Amino acid sequence: MQTYFIELSYLLASILFILGLKGLSHPETAKRGMHLAEFGMLMAIIGTLMHHEIVTYTWILAGLAIGSVVGLAMGVWVPMTAMPQRTALSHAFGALAAALVGVAEYLKGAGHLDTVTMSALGFEVMLGSLTTTGSLLAFAKLQGMVRGTPMTYKGQNVFNMLLLATTVGIFIYLVINPGSMTLFFIMAGLAFVFGLLLVMPIGSADMPVVMSLLNSYAGLASAATGFVLSNKVLIIAGTLDGFSGFILSILMCRAMNRSITNVLFGAFGSATTAGESGEQQGSMREVGLEDIATQLAYANKVVFVPGYGLATAQAQHAVRELADVLEKRGVTVKYGIHPVAGRMPGHMNVLLAEANVPYSSLYELEQINPEFATTDVSVVIGANDVVNPDARDNPSSPIAGMPILEVDRSKSVVVLKRGQGKGFSGLENPLFFKPVTGMLYGDAKDTLTRLVQAVQHA
Amino acid sequence: MQTYFIELSYLLASILFILGLKGLSHPETAKRGMHLAEFGMLMAIIGTLMHHEIVTYTWILAGLAIGSVVGLAMGVWVPMTAMPQRTALSHAFGALAAALVGVAEYLKGAGHLDTVTMSALGFEVMLGSLTTTGSLLAFAKLQGMVRGTPMTYKGQNVFNMLLLATTVGIFIYLVINPGSMTLFFIMAGLAFVFGLLLVMPIGSADMPVVMSLLNSYAGLASAATGFVLSNKVLIIAGTLDGFSGFILSILMCRAMNRSITNVLFGAFGSATTAGESGEQQGSMREVGLEDIATQLAYANKVVFVPGYGLATAQAQHAVRELADVLEKRGVTVKYGIHPVAGRMPGHMNVLLAEANVPYSSLYELEQINPEFATTDVSVVIGANDVVNPDARDNPSSPIAGMPILEVDRSKSVVVLKRGQGKGFSGLENPLFFKPVTGMLYGDAKDTLTRLVQAVQHA
Amino acid sequence: MSHESLISALYVFALAAFLGYQVISRVPPLLHTPLMSATNAISGISLVGSIVTAGAGHSTTSTILGFVAVVCASTNVVGGFVITDRMLRMFKRRDVTKKD
Amino acid sequence: MSHESLISALYVFALAAFLGYQVISRVPPLLHTPLMSATNAISGISLVGSIVTAGAGHSTTSTILGFVAVVCASTNVVGGFVITDRMLRMFKRRDVTKKD
Ligand SMILES: NC(=O)c1ccc[n+]([C@@H]2O[C@H](COP(=O)([O-])OP(=O)(O)OC[C@H]3O[C@@H](n4cnc5c(N)ncnc54)[C@H](OP(=O)(O)O)[C@@H]3O)[C@@H](O)[C@H]2O)c1
Ligand SMILES: NC(=O)c1ccc[n+]([C@@H]2O[C@H](COP(=O)([O-])OP(=O)(O)OC[C@H]3O[C@@H](n4cnc5c(N)ncnc54)[C@H](OP(=O)(O)O)[C@@H]3O)[C@@H](O)[C@H]2O)c1
């Protein structure tokens with residue numbers, strides 16, 4: 001009876017997770033979907049609490065209480081701009097839990113683990129461990145606690161590969177001889193170290209790709225736990241998670257026209273790559289704030305193109321105000337969102353949604369590109385790489401082939417940035433030197449706020 | 001070892017079936033997808049042949065040989081226009097197999113069947129039996145061996161419901177007392193009868209909906225077999241099948257703006273319904289073949305709208321020839337395909353594909369409707385209900401709300417039909433009385449062939 | 001049927017149902033006829049059950065039932081796949097047909 | 001792990017993998033950030049394993065490991081869902097925002 005109840009709660013939870021993720025296919029159904037997934041999680045927890053092996057609830061309830069408080073605090077207070085860091089930290093927690101359960105299972109069954117269980121257990125502990133430290137380092141880099149640029153040294157890739165090979169070697173040995181407890185802990189330790197080494201050479205803007213991969217690993221670790229415990233809800237949830245992370249990283253790589261190997265081992269965005277950009281002839285043209293305000297006020301169609309600078313400047317509310325003022329004057333305002341603008345997939349969408357921009361005004365790359373030809377003013381706000389025409393025109397550029405927002409096709413372009421700073425790729429951007437482009441220097445939030453006032457008086 | 005091999009072959013087969021159906025999401029990948037599914041079936045069969053319970057291969061091989069020959073013959077020789085009948089017949093075979101396996105399993109385990117197994121077995125035999133006779137009657141109706149119009153009598157629905165209730169009652173009794181063999185066979189017998197009664201009141205044009213439902217039942221019967229035999233490939237394939245049938249019938253109902261209950265119990269297309277159509281004022285205008293040929297030859301854009309009449313006249317090749325001649329003269333030719341034109345979902349697409357019309361010329365309802373405004377001549381070929389403007393304009397029409405191809409918005413309409421015959425719904429079509437419409441009477445194939453010659457001399 | 005088998009079977013059923021919905025709803029109307037005959041062919045999977053019944057030799061009755069089932073199911077499978085292939089071969093893109 | 005459990009687990013894994021692919025690839029870029037945090041929350045399902053470990057009392061070590069795992073996993077779950085909800089509440093259609 002009890003077993004049936006538990007199993008049915010798990011089955012229900014699995015179904016609810018799937019429905020939850022299906023809900024995310026549209027903003028209208030997303031909220032309801034998440035409530036279903038939350039309810040699923042609740043069912044799974046309640047079911048588990050009935051488990052016949054449980055003899056005391058003290059530690060369970062204490063753990064749940066502490067975790068919920070910490071989670072709630074993190075959930076409520078973290079600002080939207082810090083989303084990438086938060087996700088990284090959260091991955092670390094989830095992966096650590098999987099790794100710890102794996103270790104506990106190993107200790108429990110040390111003598112009598114069959115091949116299949118030991119393989120799954122080994123996977124679980126390896127993936128869990130490396131995801132824990134990898135995510136922690138990613139968190140530190142994104143939070144600025146550690147330098148965000150790639151940390152490289154000679155022979156790095158070779159060393160990492162050797163370490164990985166050793167870890168896998170021990171894993172295989174363990175599958176055959178599950179009894180060697182020392183080796184088991186050495187394997188776990190090496191996996192912890194490998195997680196750090198994996199993330200070290202990765203620049204902060206490439207972090208989302210790695211984070212998605214880590215997400216995927218955390219999911220696969222849960223799925224492996226499911227194989228160990230013969231628990232299907234773990235397998236399903238873990239696999240869904242694993243695929244989600246994997247697909248997102250593939251999509252990001254495609255949006256940058258880079259291979260996943262290049263992201264993981266290319267140390268992209270480091271000084272060496274930047275050197276290649278070469279000299280740019282011509283000069284940047286600075287334009288006055290008043291001029292731009294007039295241009296905007298009398299335009300028919302304006303497209304805003306936000307990038308990472310919008311996030312650092314926290315300028316999402318300012319841009320929305322400017323859009324409001326313009327729309328009140330009858331100007332059509334749209335937002336062109338590049339899939340990898342900012343520092344995580346969908347970053348710009350969330351920020352603009354936070355500032356109450358309706359999602360119907362947010363246009364994807366394929367939708368907005370044909371519209372630039374009829375756009376009077378494109379306003380680039382703290383974006384750089386995603387509007388770099390070299391990606392389209394210069395086949396020898398390191399970002400050649402990356403799809404871009406073709407703002408340079410519009411009648412006039414205004415670029416808001418603080419100075420001569422480069423984008424994540426470290427490349428010079430020929431857009432800034434085009435005759436059609438005017439530069440407006442300053443922190444994006446300041447500049448936009450001043451633009452609002454200027455437009456109101458235009 | 002052997003068990004592992006069997007299980008892996010089943011897992012592989014399941015995966016290949018899914019990949020196969022995924023392939024059907026695009027005409028480019030469909031062929032490869034089907035080869036995968038075929039290979040999956042082969043794997044499943046080979047795996048099964050290893051089964052340890054098998055003591056003699058004589059009957060198996062004999063059965064496979066006979067079945068393959070019959071199947072091959074049916075597959076190769078059946079003309080495309082007879083697709084609906086063939087599918088119905090094939091359903092009957094599949095369902096009969098499931099029912100027979102169910103009976104054999106019952107005989108084998110009669111004494112010691114637990115509740116779950118007996119429930120699954122009962123489902124299997126009920127669904128299998130009713131699908132067998134239902135599909136056979138559908139076949140007979142579609143093939144013209146039995147009158148295609150709905151066969152109704154007073155109290156029919158009540159009688160059917162009573163019969164169904166009795167069958168289900170016996171089923172429940174059997175789950176509790178699996179031993180009563182007589183009752184088991186009575187249940188199977190009633191299910192056979194119910195299948196006939198279910199299909200009797202259904203008109204031949206509504207048959208596709210019923211066939212899809214029967215398809216769905218056949219799939220669910222296979223899935224139930226999977227529960228009985230604890231065989232997962234049966235569950236997966238059966239479920240996929242069950243859902244496919246169900247979704248198709250929903251889609252068809254939506255394309256007709258009718259509920260599934262109305263289709264099943266409405267006896268739509270019978271004389272009573274036809275009576276409601278009321279009188280139509282105005283008169284039909286007949287036009288000469290030469291006039292139409294000239295009109296077509298000097299048009300910029302022509303849209304062909306095929307319907308059931310195209311299939312009965314086997315006019316798919318003739319229409320393609322006409323299109324070729326027109327295209328050679330520089331006329332843009334498109335085809336507007338209504339989702340329920342003809343007598344099965346996708347019927348028109350297959351027929352036109354058979355005549356080598358590239359699928360890029362076939363336009364769905366939503367794509368073509370906006371184009372009629374700029375169309376010079378719409379040529380309606382044996383279609384009636386799917387171009388009936390009453391569905392749009394007259395809220396009291398029995399087909400009100402059914403989405404239609406709005407040919408009446410084009411500059412000129414030509415309707416090819418044999419005479420004053422009505423469509424499946426038995427309703428008068430006001431399109432034929434509009435000033436913009438010209439009628440060209442005669443068998444579609446003849447008329448089209450003569451049009452080809454006339455256009456060549458225009 | 002053991003408790004664990006039933007639970008597994010339910011999981012497989014639930015997942016297959018979702019998957020069926022997702023996969024089938026992506027099939028365009030253009031290919032609905034091939035879809036019908038393809039799923040029809042796949043539903044011939046009851047062949048798997050039929051083969052065991054025909055070969056296990058439990059009793060003459062069940063061998064006969066199994067034999068008939070094998071004939072029916074394999075007709076279904078072979079006929080369904082052959083005709084699906086035939087239909088799909090007919091669907092061509094513009095460039096291909098332009099030549100002939 | 002019994003032979004039947006392994007086979008069932010493999011089936012569930014294979015089906016979930018397909019389903020994951022189908023479902024996730026339909027999520028629009030607009031919702032990729034919520035997707036990341038939602039799957040992050042769901043991956044906290046290892047809570048299920050953690051709870052049993054923390055409560056089964058096999059040994060002090062495993063209770064401690066389980067307790068820490070419960071804390072971590074529930075942080076992950078609660079934090080993930082709370083923030084996903086928060087994000088999703090921000091996504092609005094035009095008509096709603098016009099009013100404020
Ligand atoms: N989103 C993802 O998921 C993802 C994943 C992987 C990689 N990436 C990478 O991340 C990059 C994203 O491109 P992006 O165009 O969004 O950003 P970007 O190329 O990194 O450029 C950001 C620009 O913002 C300016 N900026 C910084 N702070 C500012 C402030 N407070 N006010 C105004 N401007 C400010 C900087 O110039 P100044 O210093 O002169 O102000 C810089 O040029 C791409 O290279 C992409 O490949 C993204
Ligand atoms: N496709 C599906 O899956 C499906 C499913 C459920 C229901 N249905 C129903 O089926 C109907 C399909 O509509 P439809 O417009 O395709 O067909 P329709 O409304 O049944 O009309 C067919 C027309 O073709 C003409 N015709 C018959 N033989 C002909 C020949 N040899 N040459 C020229 N014309 C010929 C008939 O008029 P004459 O007798 O005057 O020639 C008739 O008006 C709808 O009512 C739909 O709801 C279809």
# chains A, B, ... in the order shown; residues from 1 in each chain; ligands from 1
>>> residues_around(residues="A:Ala138", least_positions_apart="2", cutoff="7 Å", atoms="only C-alpha atoms", output="number ranges by chain")
A: 88, 134-136, 140-142, 199, 207
>>> residues_near_ligand(ligand="ligand 2", cutoff="7 Å", atoms="only C-alpha atoms and all ligand atoms", output="PDB file with N, CA, C and O atoms, in the first residue's frame")
ATOM      1  N   ALA B 205     -18.047   9.897 -45.517  1.00  0.00           N
ATOM      2  CA  ALA B 205     -17.071  10.977 -45.435  1.00  0.00           C
ATOM      3  C   ALA B 205     -16.608  11.193 -44.004  1.00  0.00           C
ATOM      4  O   ALA B 205     -15.531  11.722 -43.767  1.00  0.00           O
ATOM      5  N   ASP B 206     -17.414  10.790 -43.040  1.00  0.00           N
ATOM      6  CA  ASP B 206     -16.965  10.885 -41.652  1.00  0.00           C
ATOM      7  C   ASP B 206     -16.104   9.701 -41.263  1.00  0.00           C
ATOM      8  O   ASP B 206     -15.565   9.645 -40.155  1.00  0.00           O
ATOM      9  N   MET B 207     -15.999   8.749 -42.170  1.00  0.00           N
ATOM     10  CA  MET B 207     -15.268   7.530 -41.874  1.00  0.00           C
ATOM     11  C   MET B 207     -13.839   7.792 -41.405  1.00  0.00           C
ATOM     12  O   MET B 207     -13.376   7.124 -40.486  1.00  0.00           O
ATOM     13  N   PRO B 208     -13.118   8.758 -42.031  1.00  0.00           N
ATOM     14  CA  PRO B 208     -11.736   8.973 -41.585  1.00  0.00           C
ATOM     15  C   PRO B 208     -11.643   9.239 -40.086  1.00  0.00           C
ATOM     16  O   PRO B 208     -10.725   8.753 -39.430  1.00  0.00           O
ATOM     17  N   VAL B 209     -12.594   9.994 -39.555  1.00  0.00           N
ATOM     18  CA  VAL B 209     -12.555  10.286 -38.121  1.00  0.00           C
ATOM     19  C   VAL B 209     -12.664   8.978 -37.345  1.00  0.00           C
ATOM     20  O   VAL B 209     -11.906   8.705 -36.414  1.00  0.00           O
ATOM     21  N   MET B 252      -9.183  16.492 -37.323  1.00  0.00           N
ATOM     22  CA  MET B 252     -10.227  16.469 -38.349  1.00  0.00           C
ATOM     23  C   MET B 252     -11.494  17.135 -37.835  1.00  0.00           C
ATOM     24  O   MET B 252     -12.116  17.933 -38.532  1.00  0.00           O
ATOM     25  N   MET B 256     -13.508  20.615 -39.121  1.00  0.00           N
ATOM     26  CA  MET B 256     -14.914  20.645 -39.548  1.00  0.00           C
ATOM     27  C   MET B 256     -15.753  21.411 -38.549  1.00  0.00           C
ATOM     28  O   MET B 256     -16.960  21.539 -38.733  1.00  0.00           O
ATOM     29  N   PRO B 306      -8.766  21.286 -54.955  1.00  0.00           N
ATOM     30  CA  PRO B 306      -9.286  19.952 -55.200  1.00  0.00           C
ATOM     31  C   PRO B 306     -10.123  19.447 -54.023  1.00  0.00           C
ATOM     32  O   PRO B 306      -9.936  19.871 -52.886  1.00  0.00           O
ATOM     33  N   GLY B 307     -11.046  18.548 -54.315  1.00  0.00           N
ATOM     34  CA  GLY B 307     -11.874  17.935 -53.273  1.00  0.00           C
ATOM     35  C   GLY B 307     -12.122  16.483 -53.606  1.00  0.00           C
ATOM     36  O   GLY B 307     -11.461  15.906 -54.492  1.00  0.00           O
ATOM     37  N   TYR B 308     -13.097  15.924 -52.939  1.00  0.00           N
ATOM     38  CA  TYR B 308     -13.369  14.507 -53.084  1.00  0.00           C
ATOM     39  C   TYR B 308     -13.595  14.095 -54.537  1.00  0.00           C
ATOM     40  O   TYR B 308     -13.203  13.005 -54.962  1.00  0.00           O
ATOM     41  N   GLY B 309     -14.210  15.004 -55.308  1.00  0.00           N
ATOM     42  CA  GLY B 309     -14.472  14.699 -56.711  1.00  0.00           C
ATOM     43  C   GLY B 309     -13.201  14.420 -57.504  1.00  0.00           C
ATOM     44  O   GLY B 309     -13.201  13.605 -58.431  1.00  0.00           O
ATOM     45  N   LEU B 310     -12.103  15.063 -57.140  1.00  0.00           N
ATOM     46  CA  LEU B 310     -10.832  14.812 -57.811  1.00  0.00           C
ATOM     47  C   LEU B 310     -10.428  13.349 -57.619  1.00  0.00           C
ATOM     48  O   LEU B 310      -9.938  12.699 -58.542  1.00  0.00           O
ATOM     49  N   THR B 312     -12.495  10.724 -56.841  1.00  0.00           N
ATOM     50  CA  THR B 312     -13.369   9.770 -57.544  1.00  0.00           C
ATOM     51  C   THR B 312     -13.102   9.805 -59.039  1.00  0.00           C
ATOM     52  O   THR B 312     -13.153   8.781 -59.700  1.00  0.00           O
ATOM     53  N   ALA B 313     -12.810  10.991 -59.566  1.00  0.00           N
ATOM     54  CA  ALA B 313     -12.568  11.087 -61.013  1.00  0.00           C
ATOM     55  C   ALA B 313     -11.149  10.648 -61.378  1.00  0.00           C
ATOM     56  O   ALA B 313     -10.808  10.553 -62.544  1.00  0.00           O
ATOM     57  N   PRO B 339      -7.825  20.883 -44.971  1.00  0.00           N
ATOM     58  CA  PRO B 339      -7.427  19.696 -44.203  1.00  0.00           C
ATOM     59  C   PRO B 339      -8.391  18.507 -44.316  1.00  0.00           C
ATOM     60  O   PRO B 339      -7.948  17.358 -44.191  1.00  0.00           O
ATOM     61  N   VAL B 340      -9.681  18.745 -44.526  1.00  0.00           N
ATOM     62  CA  VAL B 340     -10.567  17.582 -44.681  1.00  0.00           C
ATOM     63  C   VAL B 340     -11.139  17.440 -46.088  1.00  0.00           C
ATOM     64  O   VAL B 340     -12.168  16.796 -46.273  1.00  0.00           O
ATOM     65  N   ALA B 341     -10.462  18.032 -47.058  1.00  0.00           N
ATOM     66  CA  ALA B 341     -10.893  17.776 -48.430  1.00  0.00           C
ATOM     67  C   ALA B 341     -10.689  16.300 -48.714  1.00  0.00           C
ATOM     68  O   ALA B 341      -9.696  15.721 -48.288  1.00  0.00           O
ATOM     69  N   GLY B 342     -11.624  15.716 -49.423  1.00  0.00           N
ATOM     70  CA  GLY B 342     -11.500  14.304 -49.748  1.00  0.00           C
ATOM     71  C   GLY B 342     -12.033  13.416 -48.642  1.00  0.00           C
ATOM     72  O   GLY B 342     -12.881  13.818 -47.868  1.00  0.00           O
ATOM     73  N   ARG B 343     -11.516  12.198 -48.571  1.00  0.00           N
ATOM     74  CA  ARG B 343     -12.068  11.222 -47.635  1.00  0.00           C
ATOM     75  C   ARG B 343     -11.071  10.681 -46.643  1.00  0.00           C
ATOM     76  O   ARG B 343     -11.304   9.662 -46.013  1.00  0.00           O
ATOM     77  N   MET B 344      -9.927  11.349 -46.500  1.00  0.00           N
ATOM     78  CA  MET B 344      -9.046  11.003 -45.386  1.00  0.00           C
ATOM     79  C   MET B 344      -8.083  12.159 -45.188  1.00  0.00           C
ATOM     80  O   MET B 344      -7.883  12.960 -46.106  1.00  0.00           O
ATOM     81  N   PRO B 345      -7.523  12.322 -43.989  1.00  0.00           N
ATOM     82  CA  PRO B 345      -6.649  13.469 -43.767  1.00  0.00           C
ATOM     83  C   PRO B 345      -5.417  13.389 -44.666  1.00  0.00           C
ATOM     84  O   PRO B 345      -4.780  12.347 -44.735  1.00  0.00           O
ATOM     85  N   GLY B 346      -5.159  14.472 -45.370  1.00  0.00           N
ATOM     86  CA  GLY B 346      -4.001  14.474 -46.262  1.00  0.00           C
ATOM     87  C   GLY B 346      -4.251  13.790 -47.595  1.00  0.00           C
ATOM     88  O   GLY B 346      -3.339  13.619 -48.393  1.00  0.00           O
ATOM     89  N   HIS B 347      -5.499  13.415 -47.840  1.00  0.00           N
ATOM     90  CA  HIS B 347      -5.880  12.698 -49.058  1.00  0.00           C
ATOM     91  C   HIS B 347      -5.395  13.424 -50.323  1.00  0.00           C
ATOM     92  O   HIS B 347      -4.762  12.834 -51.200  1.00  0.00           O
ATOM     93  N   ILE B 381     -12.186  21.864 -58.054  1.00  0.00           N
ATOM     94  CA  ILE B 381     -12.287  20.598 -58.774  1.00  0.00           C
ATOM     95  C   ILE B 381     -12.904  19.544 -57.873  1.00  0.00           C
ATOM     96  O   ILE B 381     -12.226  18.958 -57.026  1.00  0.00           O
ATOM     97  N   GLY B 382     -14.186  19.310 -58.051  1.00  0.00           N
ATOM     98  CA  GLY B 382     -14.849  18.273 -57.256  1.00  0.00           C
ATOM     99  C   GLY B 382     -14.819  18.528 -55.772  1.00  0.00           C
ATOM    100  O   GLY B 382     -14.861  17.594 -54.980  1.00  0.00           O
ATOM    101  N   ALA B 383     -14.700  19.787 -55.364  1.00  0.00           N
ATOM    102  CA  ALA B 383     -14.806  20.114 -53.941  1.00  0.00           C
ATOM    103  C   ALA B 383     -16.137  20.814 -53.743  1.00  0.00           C
ATOM    104  O   ALA B 383     -16.649  21.462 -54.655  1.00  0.00           O
ATOM    105  N   ASN B 384     -16.713  20.687 -52.572  1.00  0.00           N
ATOM    106  CA  ASN B 384     -18.000  21.312 -52.351  1.00  0.00           C
ATOM    107  C   ASN B 384     -18.078  21.890 -50.938  1.00  0.00           C
ATOM    108  O   ASN B 384     -17.993  23.104 -50.760  1.00  0.00           O
ATOM    109  N   ASP B 385     -18.160  21.028 -49.944  1.00  0.00           N
ATOM    110  CA  ASP B 385     -18.294  21.520 -48.572  1.00  0.00           C
ATOM    111  C   ASP B 385     -17.137  22.416 -48.153  1.00  0.00           C
ATOM    112  O   ASP B 385     -17.331  23.385 -47.417  1.00  0.00           O
ATOM    113  N   VAL B 386     -15.950  22.083 -48.620  1.00  0.00           N
ATOM    114  CA  VAL B 386     -14.790  22.817 -48.124  1.00  0.00           C
ATOM    115  C   VAL B 386     -14.689  24.224 -48.723  1.00  0.00           C
ATOM    116  O   VAL B 386     -13.825  25.000 -48.343  1.00  0.00           O
ATOM    117  N   VAL B 387     -15.571  24.540 -49.676  1.00  0.00           N
ATOM    118  CA  VAL B 387     -15.598  25.906 -50.217  1.00  0.00           C
ATOM    119  C   VAL B 387     -16.975  26.534 -50.015  1.00  0.00           C
ATOM    120  O   VAL B 387     -17.314  27.508 -50.678  1.00  0.00           O
ATOM    121  N   LEU B 416     -15.747  22.826 -61.207  1.00  0.00           N
ATOM    122  CA  LEU B 416     -15.857  21.639 -62.053  1.00  0.00           C
ATOM    123  C   LEU B 416     -16.594  20.556 -61.283  1.00  0.00           C
ATOM    124  O   LEU B 416     -16.090  20.050 -60.293  1.00  0.00           O
ATOM    125  N   LYS B 417     -17.793  20.203 -61.713  1.00  0.00           N
ATOM    126  CA  LYS B 417     -18.476  19.057 -61.120  1.00  0.00           C
ATOM    127  C   LYS B 417     -19.383  18.420 -62.153  1.00  0.00           C
ATOM    128  O   LYS B 417     -19.573  18.966 -63.246  1.00  0.00           O
ATOM    129  N   ARG B 418     -19.946  17.274 -61.783  1.00  0.00           N
ATOM    130  CA  ARG B 418     -20.695  16.539 -62.792  1.00  0.00           C
ATOM    131  C   ARG B 418     -22.084  17.096 -63.022  1.00  0.00           C
ATOM    132  O   ARG B 418     -22.632  17.040 -64.107  1.00  0.00           O
ATOM    133  N   GLY B 419     -22.684  17.613 -61.936  1.00  0.00           N
ATOM    134  CA  GLY B 419     -24.061  18.096 -62.108  1.00  0.00           C
ATOM    135  C   GLY B 419     -24.503  18.860 -60.884  1.00  0.00           C
ATOM    136  O   GLY B 419     -23.746  19.656 -60.331  1.00  0.00           O
ATOM    137  N   GLN B 420     -25.745  18.613 -60.449  1.00  0.00           N
ATOM    138  CA  GLN B 420     -26.268  19.349 -59.312  1.00  0.00           C
ATOM    139  C   GLN B 420     -25.978  18.622 -57.997  1.00  0.00           C
ATOM    140  O   GLN B 420     -26.538  18.975 -56.966  1.00  0.00           O
ATOM    141  N   GLY B 421     -25.099  17.625 -58.021  1.00  0.00           N
ATOM    142  CA  GLY B 421     -24.824  16.815 -56.834  1.00  0.00           C
ATOM    143  C   GLY B 421     -24.367  17.649 -55.651  1.00  0.00           C
ATOM    144  O   GLY B 421     -23.700  18.675 -55.816  1.00  0.00           O
ATOM    145  N   LYS B 422     -24.762  17.194 -54.476  1.00  0.00           N
ATOM    146  CA  LYS B 422     -24.360  17.909 -53.275  1.00  0.00           C
ATOM    147  C   LYS B 422     -23.094  17.296 -52.702  1.00  0.00           C
ATOM    148  O   LYS B 422     -22.673  16.210 -53.094  1.00  0.00           O
ATOM    149  N   GLY B 423     -22.498  18.001 -51.758  1.00  0.00           N
ATOM    150  CA  GLY B 423     -21.300  17.474 -51.097  1.00  0.00           C
ATOM    151  C   GLY B 423     -21.698  16.481 -50.038  1.00  0.00           C
ATOM    152  O   GLY B 423     -22.876  16.146 -49.881  1.00  0.00           O
ATOM    153  N   PHE B 424     -20.737  16.024 -49.280  1.00  0.00           N
ATOM    154  CA  PHE B 424     -20.998  15.029 -48.260  1.00  0.00           C
ATOM    155  C   PHE B 424     -22.041  15.501 -47.254  1.00  0.00           C
ATOM    156  O   PHE B 424     -22.881  14.728 -46.809  1.00  0.00           O
ATOM    157  N   SER B 425     -22.005  16.794 -46.928  1.00  0.00           N
ATOM    158  CA  SER B 425     -22.907  17.282 -45.895  1.00  0.00           C
ATOM    159  C   SER B 425     -24.351  17.329 -46.392  1.00  0.00           C
ATOM    160  O   SER B 425     -25.270  17.507 -45.615  1.00  0.00           O
ATOM    161  N   GLY B 442     -19.355  18.152 -65.851  1.00  0.00           N
ATOM    162  CA  GLY B 442     -18.708  16.998 -66.462  1.00  0.00           C
ATOM    163  C   GLY B 442     -17.760  16.327 -65.490  1.00  0.00           C
ATOM    164  O   GLY B 442     -17.418  16.915 -64.463  1.00  0.00           O
ATOM    165  N   ASP B 443     -17.385  15.123 -65.814  1.00  0.00           N
ATOM    166  CA  ASP B 443     -16.420  14.422 -64.980  1.00  0.00           C
ATOM    167  C   ASP B 443     -15.114  15.218 -64.950  1.00  0.00           C
ATOM    168  O   ASP B 443     -14.628  15.696 -65.988  1.00  0.00           O
ATOM    169  N   ALA B 444     -14.553  15.376 -63.754  1.00  0.00           N
ATOM    170  CA  ALA B 444     -13.401  16.262 -63.587  1.00  0.00           C
ATOM    171  C   ALA B 444     -12.255  15.893 -64.524  1.00  0.00           C
ATOM    172  O   ALA B 444     -11.606  16.761 -65.107  1.00  0.00           O
ATOM    173  N   LYS B 445     -12.007  14.602 -64.691  1.00  0.00           N
ATOM    174  CA  LYS B 445     -10.865  14.189 -65.496  1.00  0.00           C
ATOM    175  C   LYS B 445     -11.058  14.589 -66.952  1.00  0.00           C
ATOM    176  O   LYS B 445     -10.176  15.206 -67.563  1.00  0.00           O
TER     177      LYS B 445
END
>>> atom_distance(atom1="atom CA of A:Lys301", atom2="atom CA of A:Lys334")
7.9 Å
>>> interface_residues(of="chain D", to="chain A", cutoff="6 Å", atoms="only C-alpha atoms", output="PyMOL selection string")
chain D and resi 16-17+20+23-24+26-27+29-30+32-33+39+43-44+46+50-51+54-56+62+65+67+69-76+78-79+82-83+90-94
>>> closest_atom_pairs(of="chain C", to="chain D", cutoff="9 Å", atoms="only C-alpha atoms", output="CSV")
residue,atom,partner,partner_atom,distance
C:Glu4,CA,D:Ser5,CA,8.2
C:Ser5,CA,D:Glu4,CA,8.2
C:Ser8,CA,D:Ser8,CA,6.1
C:Ala9,CA,D:Ser8,CA,8.3
C:Tyr11,CA,D:Val12,CA,7.1
C:Val12,CA,D:Val12,CA,6.2
C:Leu15,CA,D:Leu15,CA,6.3
C:Ala16,CA,D:Leu15,CA,6.9
C:Phe18,CA,D:Leu19,CA,7.4
C:Leu19,CA,D:Leu19,CA,5.7
C:Gln22,CA,D:Gln22,CA,6.9
C:Val23,CA,D:Gln22,CA,7.7
>>> write_last_selection(atoms="C-alpha atoms", output="PDB file, in the first residue's frame")
ATOM      1  CA  GLU C   4       7.491  -3.504  -9.950  1.00  0.00           C
ATOM      2  CA  SER C   5       6.545  -4.530 -13.499  1.00  0.00           C
ATOM      3  CA  SER C   8       7.511   0.338 -14.789  1.00  0.00           C
ATOM      4  CA  ALA C   9       4.810  -0.313 -17.327  1.00  0.00           C
ATOM      5  CA  TYR C  11       5.975   4.920 -16.393  1.00  0.00           C
ATOM      6  CA  VAL C  12       6.671   3.711 -19.885  1.00  0.00           C
ATOM      7  CA  LEU C  15       6.210   8.800 -21.115  1.00  0.00           C
ATOM      8  CA  ALA C  16       5.197   7.242 -24.412  1.00  0.00           C
ATOM      9  CA  PHE C  18       3.601  12.433 -23.872  1.00  0.00           C
ATOM     10  CA  LEU C  19       6.091  11.599 -26.533  1.00  0.00           C
ATOM     11  CA  GLN C  22       4.664  15.780 -28.973  1.00  0.00           C
ATOM     12  CA  VAL C  23       5.884  13.876 -31.991  1.00  0.00           C
TER      13      VAL C  23
END
